[in-house]
Structure formats: C-alpha cells, structure tokens
file entry-v8.cif (mmCIF, C-alpha atoms (C1' of nucleotides))
data_work
loop_
_atom_site.group_PDB
_atom_site.id
_atom_site.type_symbol
_atom_site.label_atom_id
_atom_site.label_comp_id
_atom_site.auth_asym_id
_atom_site.auth_seq_id
_atom_site.Cartn_x
_atom_site.Cartn_y
_atom_site.Cartn_z
ATOM 1 C CA MET A 1 -45.357 -80.610 -43.548
ATOM 2 C CA LYS A 2 -42.003 -79.587 -42.107
ATOM 3 C CA ILE A 3 -40.305 -76.380 -43.252
ATOM 4 C CA ALA A 4 -36.778 -75.575 -42.074
ATOM 5 C CA SER A 5 -34.143 -72.881 -42.265
ATOM 6 C CA TRP A 6 -30.402 -73.389 -41.967
ATOM 7 C CA ASN A 7 -27.486 -71.034 -42.419
ATOM 8 C CA VAL A 8 -24.906 -73.565 -43.595
ATOM 9 C CA ASN A 9 -21.921 -71.170 -43.803
ATOM 10 C CA SER A 10 -20.615 -72.590 -47.106
ATOM 11 C CA LEU A 11 -22.623 -75.321 -48.769
ATOM 12 C CA ASN A 12 -19.390 -76.539 -50.324
ATOM 13 C CA VAL A 13 -18.027 -77.441 -46.888
ATOM 14 C CA ARG A 14 -21.371 -78.363 -45.348
ATOM 15 C CA LEU A 15 -22.963 -80.574 -48.024
ATOM 16 C CA PRO A 16 -22.232 -83.783 -46.054
ATOM 17 C CA HIS A 17 -23.869 -82.277 -42.964
ATOM 18 C CA LEU A 18 -26.852 -81.147 -45.002
ATOM 19 C CA GLU A 19 -27.234 -84.599 -46.516
ATOM 20 C CA GLN A 20 -27.036 -86.260 -43.123
ATOM 21 C CA TRP A 21 -29.534 -83.858 -41.657
ATOM 22 C CA LEU A 22 -31.972 -84.233 -44.568
ATOM 23 C CA ALA A 23 -31.786 -88.011 -44.232
ATOM 24 C CA THR A 24 -32.627 -87.998 -40.526
ATOM 25 C CA SER A 25 -34.988 -85.000 -40.278
ATOM 26 C CA SER A 26 -36.790 -85.405 -43.582
ATOM 27 C CA PRO A 27 -38.056 -81.828 -44.002
ATOM 28 C CA ASP A 28 -40.353 -81.045 -46.929
ATOM 29 C CA ILE A 29 -38.874 -77.608 -47.593
ATOM 30 C CA VAL A 30 -35.511 -76.160 -46.545
ATOM 31 C CA ALA A 31 -34.316 -72.570 -46.853
ATOM 32 C CA LEU A 32 -30.522 -72.287 -46.896
ATOM 33 C CA GLN A 33 -28.415 -69.189 -46.290
ATOM 34 C CA GLU A 34 -24.737 -68.415 -46.807
ATOM 35 C CA THR A 35 -24.299 -71.040 -49.498
ATOM 36 C CA LYS A 36 -21.297 -68.997 -50.766
ATOM 37 C CA LEU A 37 -21.554 -70.727 -54.144
ATOM 38 C CA GLU A 38 -21.958 -69.425 -57.646
ATOM 39 C CA ASP A 39 -25.008 -70.948 -59.305
ATOM 40 C CA GLU A 40 -23.005 -73.164 -61.668
ATOM 41 C CA LYS A 41 -21.377 -74.783 -58.637
ATOM 42 C CA PHE A 42 -24.608 -75.524 -56.765
ATOM 43 C CA PRO A 43 -24.774 -79.249 -55.873
ATOM 44 C CA ASP A 44 -28.247 -79.818 -57.282
ATOM 45 C CA ASP A 45 -27.492 -83.363 -58.474
ATOM 46 C CA PRO A 46 -26.665 -84.959 -55.113
ATOM 47 C CA LEU A 47 -29.631 -83.152 -53.561
ATOM 48 C CA LEU A 48 -31.931 -84.349 -56.324
ATOM 49 C CA ALA A 49 -30.676 -87.886 -55.654
ATOM 50 C CA MET A 50 -32.048 -87.424 -52.125
ATOM 51 C CA GLY A 51 -35.405 -86.291 -53.483
ATOM 52 C CA TYR A 52 -34.936 -82.520 -53.214
ATOM 53 C CA ARG A 53 -35.254 -80.053 -56.046
ATOM 54 C CA SER A 54 -33.284 -76.828 -55.697
ATOM 55 C CA VAL A 55 -33.729 -73.203 -56.642
ATOM 56 C CA PHE A 56 -30.889 -70.877 -55.741
ATOM 57 C CA ALA A 57 -29.284 -67.484 -56.098
ATOM 58 C CA GLY A 58 -25.636 -67.420 -55.177
ATOM 59 C CA GLN A 59 -22.385 -65.571 -55.549
ATOM 60 C CA LYS A 60 -18.751 -66.275 -54.878
ATOM 61 C CA SER A 61 -17.421 -66.096 -51.282
ATOM 62 C CA TYR A 62 -20.351 -64.383 -49.572
ATOM 63 C CA ASN A 63 -24.103 -64.630 -49.092
ATOM 64 C CA GLY A 64 -26.137 -66.965 -51.307
ATOM 65 C CA VAL A 65 -29.616 -68.401 -50.662
ATOM 66 C CA ALA A 66 -31.445 -71.522 -51.819
ATOM 67 C CA VAL A 67 -34.735 -73.329 -51.333
ATOM 68 C CA LEU A 68 -34.871 -77.112 -51.438
ATOM 69 C CA SER A 69 -38.224 -78.819 -51.779
ATOM 70 C CA ARG A 70 -39.620 -82.254 -52.486
ATOM 71 C CA GLU A 71 -42.295 -80.631 -54.627
ATOM 72 C CA ARG A 72 -41.259 -78.388 -57.529
ATOM 73 C CA ALA A 73 -40.901 -74.692 -56.678
ATOM 74 C CA THR A 74 -42.470 -72.133 -58.999
ATOM 75 C CA ASP A 75 -42.653 -68.336 -59.339
ATOM 76 C CA VAL A 76 -39.103 -67.878 -58.119
ATOM 77 C CA GLN A 77 -38.256 -64.319 -57.118
ATOM 78 C CA ILE A 78 -34.642 -63.339 -56.472
ATOM 79 C CA GLY A 79 -34.006 -60.198 -54.450
ATOM 80 C CA VAL A 80 -36.431 -57.515 -53.334
ATOM 81 C CA PRO A 81 -38.101 -55.807 -56.293
ATOM 82 C CA GLY A 82 -36.903 -52.224 -56.569
ATOM 83 C CA LEU A 83 -34.050 -52.634 -54.072
ATOM 84 C CA GLU A 84 -30.594 -52.142 -55.530
ATOM 85 C CA ASP A 85 -28.545 -54.906 -53.949
ATOM 86 C CA GLU A 86 -25.887 -57.042 -55.586
ATOM 87 C CA GLN A 87 -25.753 -59.257 -52.480
ATOM 88 C CA LYS A 88 -27.731 -62.467 -52.886
ATOM 89 C CA ARG A 89 -29.862 -62.489 -49.748
ATOM 90 C CA VAL A 90 -33.459 -63.062 -50.797
ATOM 91 C CA LEU A 91 -35.192 -65.880 -52.610
ATOM 92 C CA ALA A 92 -38.954 -66.362 -52.697
ATOM 93 C CA ALA A 93 -40.762 -69.276 -54.291
ATOM 94 C CA THR A 94 -44.113 -71.017 -54.288
ATOM 95 C CA VAL A 95 -44.194 -74.649 -53.181
ATOM 96 C CA GLY A 96 -47.636 -76.211 -53.326
ATOM 97 C CA ASP A 97 -49.981 -73.698 -51.711
ATOM 98 C CA LEU A 98 -47.238 -72.041 -49.655
ATOM 99 C CA ARG A 99 -45.251 -68.926 -50.469
ATOM 100 C CA ILE A 100 -41.736 -69.367 -49.073
ATOM 101 C CA VAL A 101 -39.630 -66.260 -48.475
ATOM 102 C CA ASN A 102 -36.031 -67.069 -47.605
ATOM 103 C CA LEU A 103 -34.082 -64.192 -46.036
ATOM 104 C CA TYR A 104 -30.424 -63.825 -45.212
ATOM 105 C CA VAL A 105 -30.717 -60.581 -43.291
ATOM 106 C CA VAL A 106 -27.739 -58.225 -43.290
ATOM 107 C CA ASN A 107 -25.524 -58.776 -40.225
ATOM 108 C CA GLY A 108 -24.858 -55.090 -39.604
ATOM 109 C CA GLN A 109 -21.428 -55.471 -37.953
ATOM 110 C CA SER A 110 -21.936 -52.925 -35.150
ATOM 111 C CA VAL A 111 -24.506 -50.344 -34.099
ATOM 112 C CA GLY A 112 -23.924 -47.085 -35.924
ATOM 113 C CA SER A 113 -21.735 -48.530 -38.691
ATOM 114 C CA ASP A 114 -22.428 -48.129 -42.404
ATOM 115 C CA LYS A 115 -23.423 -51.787 -42.508
ATOM 116 C CA TYR A 116 -25.886 -51.166 -39.678
ATOM 117 C CA ALA A 117 -27.524 -48.385 -41.684
ATOM 118 C CA TYR A 118 -27.659 -50.751 -44.661
ATOM 119 C CA LYS A 119 -29.270 -53.398 -42.465
ATOM 120 C CA LEU A 120 -32.029 -51.057 -41.330
ATOM 121 C CA ARG A 121 -32.669 -49.753 -44.876
ATOM 122 C CA TRP A 122 -32.702 -53.321 -46.152
ATOM 123 C CA LEU A 123 -35.206 -54.438 -43.498
ATOM 124 C CA GLU A 124 -37.476 -51.528 -44.355
ATOM 125 C CA ALA A 125 -37.434 -52.500 -48.030
ATOM 126 C CA VAL A 126 -38.227 -56.113 -47.108
ATOM 127 C CA HIS A 127 -41.097 -54.922 -44.909
ATOM 128 C CA ASP A 128 -42.667 -52.836 -47.669
ATOM 129 C CA TRP A 129 -42.282 -55.642 -50.177
ATOM 130 C CA LEU A 130 -43.797 -58.292 -47.871
ATOM 131 C CA ALA A 131 -46.745 -56.020 -47.075
ATOM 132 C CA GLN A 132 -47.597 -56.210 -50.799
ATOM 133 C CA GLU A 133 -46.750 -59.885 -51.153
ATOM 134 C CA LEU A 134 -49.084 -60.894 -48.339
ATOM 135 C CA VAL A 135 -52.035 -59.540 -50.272
ATOM 136 C CA THR A 136 -51.464 -61.988 -53.114
ATOM 137 C CA HIS A 137 -49.864 -64.749 -51.010
ATOM 138 C CA PRO A 138 -51.666 -64.972 -47.662
ATOM 139 C CA ARG A 139 -50.246 -68.427 -46.970
ATOM 140 C CA MET A 140 -46.688 -67.261 -46.425
ATOM 141 C CA ILE A 141 -43.691 -68.441 -44.434
ATOM 142 C CA VAL A 142 -40.860 -65.947 -43.989
ATOM 143 C CA LEU A 143 -37.814 -67.713 -42.642
ATOM 144 C CA GLY A 144 -34.080 -67.483 -42.537
ATOM 145 C CA ASP A 145 -31.140 -66.004 -40.716
ATOM 146 C CA PHE A 146 -32.634 -62.772 -39.385
ATOM 147 C CA ASN A 147 -29.498 -61.656 -37.562
ATOM 148 C CA ILE A 148 -31.820 -60.280 -34.865
ATOM 149 C CA ALA A 149 -32.548 -61.935 -31.510
ATOM 150 C CA PRO A 150 -36.199 -61.017 -30.811
ATOM 151 C CA ASP A 151 -36.000 -60.433 -27.034
ATOM 152 C CA ASP A 152 -34.221 -61.307 -23.792
ATOM 153 C CA ARG A 153 -35.476 -64.901 -23.918
ATOM 154 C CA ASP A 154 -33.404 -65.350 -27.055
ATOM 155 C CA VAL A 155 -29.962 -64.437 -25.728
ATOM 156 C CA HIS A 156 -27.627 -66.085 -23.219
ATOM 157 C CA ASP A 157 -26.908 -62.836 -21.403
ATOM 158 C CA PRO A 158 -29.276 -59.873 -21.744
ATOM 159 C CA ALA A 159 -26.770 -57.636 -19.950
ATOM 160 C CA VAL A 160 -24.336 -58.118 -22.835
ATOM 161 C CA TRP A 161 -26.855 -58.365 -25.645
ATOM 162 C CA ASN A 162 -28.634 -55.081 -25.103
ATOM 163 C CA ASP A 163 -29.674 -51.949 -26.972
ATOM 164 C CA GLY A 164 -26.110 -50.975 -27.785
ATOM 165 C CA HIS A 165 -25.237 -54.331 -29.320
ATOM 166 C CA ILE A 166 -25.598 -55.537 -32.880
ATOM 167 C CA LEU A 167 -28.256 -58.256 -33.289
ATOM 168 C CA THR A 168 -30.184 -56.966 -30.251
ATOM 169 C CA SER A 169 -30.396 -53.172 -30.654
ATOM 170 C CA ARG A 170 -33.741 -51.426 -30.268
ATOM 171 C CA ALA A 171 -33.865 -50.329 -33.912
ATOM 172 C CA GLU A 172 -33.247 -53.872 -35.153
ATOM 173 C CA ARG A 173 -35.911 -55.279 -32.855
ATOM 174 C CA ASP A 174 -38.292 -52.517 -33.937
ATOM 175 C CA ALA A 175 -37.721 -53.556 -37.548
ATOM 176 C CA LEU A 176 -38.515 -57.168 -36.659
ATOM 177 C CA GLU A 177 -41.645 -56.100 -34.782
ATOM 178 C CA ARG A 178 -42.802 -54.219 -37.874
ATOM 179 C CA LEU A 179 -42.727 -57.557 -39.667
ATOM 180 C CA TYR A 180 -44.786 -59.048 -36.828
ATOM 181 C CA ALA A 181 -47.253 -56.189 -37.345
ATOM 182 C CA LEU A 182 -47.855 -57.453 -40.895
ATOM 183 C CA GLY A 183 -49.276 -60.601 -39.327
ATOM 184 C CA LEU A 184 -46.046 -62.588 -39.493
ATOM 185 C CA HIS A 185 -45.685 -64.545 -36.275
ATOM 186 C CA ASP A 186 -42.588 -66.098 -34.738
ATOM 187 C CA SER A 187 -43.727 -69.724 -34.700
ATOM 188 C CA TYR A 188 -41.038 -70.884 -32.261
ATOM 189 C CA ARG A 189 -42.001 -68.294 -29.665
ATOM 190 C CA ALA A 190 -45.731 -68.805 -30.175
ATOM 191 C CA LEU A 191 -45.351 -72.532 -29.513
ATOM 192 C CA ASN A 192 -42.606 -72.365 -26.870
ATOM 193 C CA PRO A 193 -43.421 -69.234 -24.872
ATOM 194 C CA ASP A 194 -41.025 -69.877 -21.983
ATOM 195 C CA ALA A 195 -38.165 -71.689 -23.712
ATOM 196 C CA THR A 196 -34.664 -70.401 -24.199
ATOM 197 C CA GLN A 197 -32.980 -72.181 -27.051
ATOM 198 C CA PHE A 198 -30.380 -70.803 -29.408
ATOM 199 C CA SER A 199 -29.737 -71.225 -33.119
ATOM 200 C CA TRP A 200 -26.301 -69.617 -33.406
ATOM 201 C CA TRP A 201 -23.138 -69.795 -31.344
ATOM 202 C CA ASP A 202 -19.964 -67.904 -32.143
ATOM 203 C CA TYR A 203 -17.088 -70.134 -33.223
ATOM 204 C CA ARG A 204 -14.824 -68.165 -30.900
ATOM 205 C CA MET A 205 -14.204 -68.544 -27.176
ATOM 206 C CA GLY A 206 -15.886 -71.958 -26.948
ATOM 207 C CA GLY A 207 -19.248 -70.341 -27.604
ATOM 208 C CA PHE A 208 -21.113 -73.580 -28.239
ATOM 209 C CA ARG A 209 -19.467 -75.556 -25.445
ATOM 210 C CA ARG A 210 -20.481 -72.812 -23.013
ATOM 211 C CA ASN A 211 -23.876 -72.343 -24.690
ATOM 212 C CA LEU A 212 -23.232 -68.650 -25.304
ATOM 213 C CA GLY A 213 -25.771 -68.419 -28.081
ATOM 214 C CA LEU A 214 -28.548 -66.397 -29.623
ATOM 215 C CA ARG A 215 -31.769 -67.328 -31.360
ATOM 216 C CA ILE A 216 -31.504 -65.423 -34.628
ATOM 217 C CA ASP A 217 -32.810 -68.011 -37.106
ATOM 218 C CA LEU A 218 -36.571 -67.618 -37.295
ATOM 219 C CA THR A 219 -39.574 -69.193 -38.973
ATOM 220 C CA LEU A 220 -42.367 -66.635 -39.265
ATOM 221 C CA VAL A 221 -45.820 -67.781 -40.341
ATOM 222 C CA SER A 222 -48.546 -65.564 -41.749
ATOM 223 C CA GLU A 223 -51.888 -65.029 -40.058
ATOM 224 C CA ALA A 224 -53.558 -67.585 -42.333
ATOM 225 C CA LEU A 225 -50.991 -70.238 -41.414
ATOM 226 C CA ARG A 226 -50.763 -69.509 -37.709
ATOM 227 C CA PRO A 227 -53.567 -71.929 -36.725
ATOM 228 C CA HIS A 228 -51.749 -74.679 -38.650
ATOM 229 C CA ALA A 229 -48.361 -74.293 -36.985
ATOM 230 C CA VAL A 230 -48.303 -77.268 -34.613
ATOM 231 C CA ALA A 231 -44.613 -77.464 -33.662
ATOM 232 C CA SER A 232 -41.477 -75.410 -33.994
ATOM 233 C CA ASP A 233 -38.003 -76.107 -32.700
ATOM 234 C CA ILE A 234 -34.276 -75.806 -33.263
ATOM 235 C CA ASP A 235 -32.195 -78.889 -33.933
ATOM 236 C CA ARG A 236 -28.893 -78.274 -32.202
ATOM 237 C CA GLU A 237 -27.403 -81.655 -32.979
ATOM 238 C CA PRO A 238 -25.672 -80.665 -36.247
ATOM 239 C CA ARG A 239 -23.817 -77.993 -34.270
ATOM 240 C CA THR A 240 -22.108 -80.847 -32.363
ATOM 241 C CA TRP A 241 -20.792 -82.489 -35.536
ATOM 242 C CA ASP A 242 -17.242 -82.184 -36.801
ATOM 243 C CA ARG A 243 -16.549 -78.857 -38.582
ATOM 244 C CA PRO A 244 -20.077 -77.549 -38.063
ATOM 245 C CA SER A 245 -21.823 -74.454 -39.310
ATOM 246 C CA ASP A 246 -22.078 -71.860 -36.555
ATOM 247 C CA HIS A 247 -25.894 -72.051 -37.012
ATOM 248 C CA ALA A 248 -28.332 -74.865 -36.243
ATOM 249 C CA PRO A 249 -31.456 -75.658 -38.293
ATOM 250 C CA ALA A 250 -34.736 -74.102 -37.142
ATOM 251 C CA TRP A 251 -38.036 -75.550 -38.297
ATOM 252 C CA VAL A 252 -41.798 -75.279 -38.149
ATOM 253 C CA GLU A 253 -44.318 -78.011 -38.748
ATOM 254 C CA LEU A 254 -47.698 -77.296 -40.313
ATOM 255 C CA GLY A 255 -50.453 -79.732 -39.455
ATOM 256 C "C1'" DA B 1 -16.769 -59.673 -24.258
ATOM 257 C "C1'" DT B 2 -11.359 -54.198 -26.627
ATOM 258 C "C1'" DG B 3 -10.451 -61.514 -27.755
ATOM 259 C "C1'" DG B 4 -11.102 -65.189 -30.279
ATOM 260 C "C1'" DT B 5 -12.564 -69.009 -34.920
ATOM 261 C "C1'" DT B 6 -14.154 -70.251 -39.427
ATOM 262 C "C1'" DG B 7 -14.652 -69.825 -44.626
ATOM 263 C "C1'" DA B 8 -13.149 -68.110 -49.059
ATOM 264 C "C1'" DA B 9 -9.245 -66.937 -50.756
ATOM 265 C "C1'" DA B 10 -4.409 -66.005 -51.119
ATOM 266 C "C1'" DG B 11 -3.912 -60.724 -47.926
ATOM 267 C "C1'" DT B 12 -7.659 -59.755 -45.796
ATOM 268 C "C1'" DC B 13 -12.772 -59.415 -45.405
ATOM 269 C "C1'" DA B 14 -17.100 -60.946 -43.391
ATOM 270 C "C1'" DA B 15 -19.373 -62.996 -39.841
#
call {"tool": "encode", "arguments": {"input": "entry-v8.cif", "output": "structure tokens"}}
result
Amino acid sequence: MKIASWNVNSLNVRLPHLEQWLATSSPDIVALQETKLEDEKFPDDPLLAMGYRSVFAGQKSYNGVAVLSRERATDVQIGVPGLEDEQKRVLAATVGDLRIVNLYVVNGQSVGSDKYAYKLRWLEAVHDWLAQELVTHPRMIVLGDFNIAPDDRDVHDPAVWNDGHILTSRAERDALERLYALGLHDSYRALNPDATQFSWWDYRMGGFRRNLGLRIDLTLVSEALRPHAVASDIDREPRTWDRPSDHAPAWVELG
DNA sequence: ATGGTTGAAAGTCAA
C-alpha cells in the first residue's frame, strides 16, 4: 500500500506529469496540493480512466487540495471544523481502513509577517483538530506540503535556513513537533535517519540544478501505523521533467 | 541569498 503526496503547482499544467508518474509509480492513494482549479474544472475523467477516483476542494488561482485513490474515498471533510478559512488547504477522507489528512500548510512568507502569524494560528487549529480526530481514527496518515523543514538534515544550508528564516524558524518547527507529540511520526526520517534528500527546490537561481532544496513535503503516520511503515522516500525524477512542479512526490509504503 | 522563476491572470500576487 503506497501513499504519496505531491504539490503539483497547478494541476491544469501538471496533469501530464501526474499521469506519467501515476503510470510508473502506481501509488494507491495520492494527496495533491496547489491544484489551483475550481471543482468544476477538476480532471476527474482522465484520472478515473487511469483507475483513480478523486475527491477535491479547489478554488481559482491559489491553493486547492485533492485525494486520488483506487478505492472509493468516504467521509470527506473539507477544511478544519471551526476554523474560518476561505483558502482550500485541507481535505480529509477515509480510504479503506485509513484516515487520510491532506494538508497544504500556509507558506507564511517571512518571519514576523501577517501571513506568518496566520500560519502559526492555522497550525494550532490543525493540531487541536487532529488531537480529536486521532481518537476516532487511530489509523491516520497526515501528509502534504507542510512548508516546514523539520531540522538541519532537511535543508541544503543550515546557516541560511535558520531560526530567522521562513520554513525553518523555531516557532514553525515547534508547531510541527507538537504534531509529532500527538503520535504522528515523520515516516521518511524514521526510515532514513541519516539521509538528506529534498522535496522542493526554488525555481529561481538554478535551485534544482545546484540541489539547493528543502524537505518540506512530509508523510506522517500515526502511532498505530508506525509499525507498518516499511519504506518512505522522495521521487525526484519528476522534478527533472520539462516544465516541472517545484515539488517532488513524497511517499510512504505500508506493509 | 536584498535576486531570481513559475503560474494564474492580465497588473500583480503568491510561492
């Protein structure tokens, strides 16, 4: 059972890449972020032709999340209950005996900005919600674009990506560690303790060519699933394709 | 990293 996350940065542009990647990687469940598509424009027909059903929550131009699955998804939840947020960043669904929580975490722009404050508030709301959700759904995978690099192993240059920097600031990492404290474990790091591999490279300044990346796309597994997580990796190949997303797919395999 | 690139959209905003 392979479960993946990919920020596609416009599903309209990236559908051919997604199709190619689905054909070769054959995941069972895929969480997509930044689809940037209104729901009526979601390409559910071509995906269904490849054997994937879709549930989605999108908007024009920005944000947008979806879950693709070979098995039908049920109990779809859009957004965090009780959190006022017109931005489509959260989609949860049950697939088989797994609860899938797809997150497109707020970027935050820069430390101290209004968007940074929004990011931290948003993460706190997600934390409180997931604490409740885990009671009823112990077999949970929380995955997506977290827009947080967990520690120095996850950045190309810790001197640059430090406490003063967005995506690596202490408060952001504290928020991520509060999710860990719920029993949500970073499967990639648990299975690859010494590896440095990135999931995002800035389009600018030849970021990918020079491997100036961060690992910000995460697949967290709940305590009940941790013993079943047998492999986790990042597939950087789609980042080499023509007109790529700036993110690569990250995945976890449950045995 | 005080620049630069991409996407959506039609001048900028978000990342």
call {"tool": "interface_residues", "arguments": {"input": "entry-v8.cif", "of": "chain B", "to": "chain A", "cutoff": "6 Å", "atoms": "all atoms listed in the file", "output": "list in words"}}
result
DG4, DT5 and DA8 of chain B
call {"tool": "write_last_selection", "arguments": {"input": "entry-v8.cif", "atoms": "C-alpha atoms (C1' of nucleotides)", "output": "PDB file, keeping the file's coordinate frame"}}
result
ATOM      1  C1'  DG B   4     -11.102 -65.189 -30.279  1.00  0.00           C
ATOM      2  C1'  DT B   5     -12.564 -69.009 -34.920  1.00  0.00           C
ATOM      3  C1'  DA B   8     -13.149 -68.110 -49.059  1.00  0.00           C
TER       4       DA B   8
END
call {"tool": "atom_distance", "arguments": {"input": "entry-v8.cif", "atom1": "CA of Leu254 in chain A", "atom2": "CA of Gly96 in chain A"}}
result
13.1 Å
call {"tool": "axis_aligned_box", "arguments": {"input": "entry-v8.cif", "around": "range 36-49 of chain A", "padding_each_side": "8 Å", "output": "AutoDock Vina command-line options"}}
result
--center_x -26.6 --center_y -78.4 --center_z -56.2 --size_x 26.6 --size_y 34.9 --size_z 26.9
call {"tool": "atom_distance", "arguments": {"input": "entry-v8.cif", "atom1": "CA of Tyr104 in chain A", "atom2": "C1' of DA10 in chain B"}}
result
26.8 Å
call {"tool": "closest_residue", "arguments": {"input": "entry-v8.cif", "among": "A:Pro138, A:Ser25, A:Leu98, A:Leu123", "to": "Arg178 in chain A", "atoms": "only C-alpha atoms"}}
result
A:Leu123
call {"tool": "resolve_selection", "arguments": {"input": "entry-v8.cif", "expression": "the PyMOL selection byres ((chain A and resi 175) around 10)", "output": "list in words"}}
result
Lys119, Leu120, Arg121, Trp122, Leu123, Glu124, Val126, His127, Ile148, Arg170, Ala171, Glu172, Arg173, Asp174, Leu176, Glu177, Arg178, Leu179, Tyr180 and Ala181 of chain A
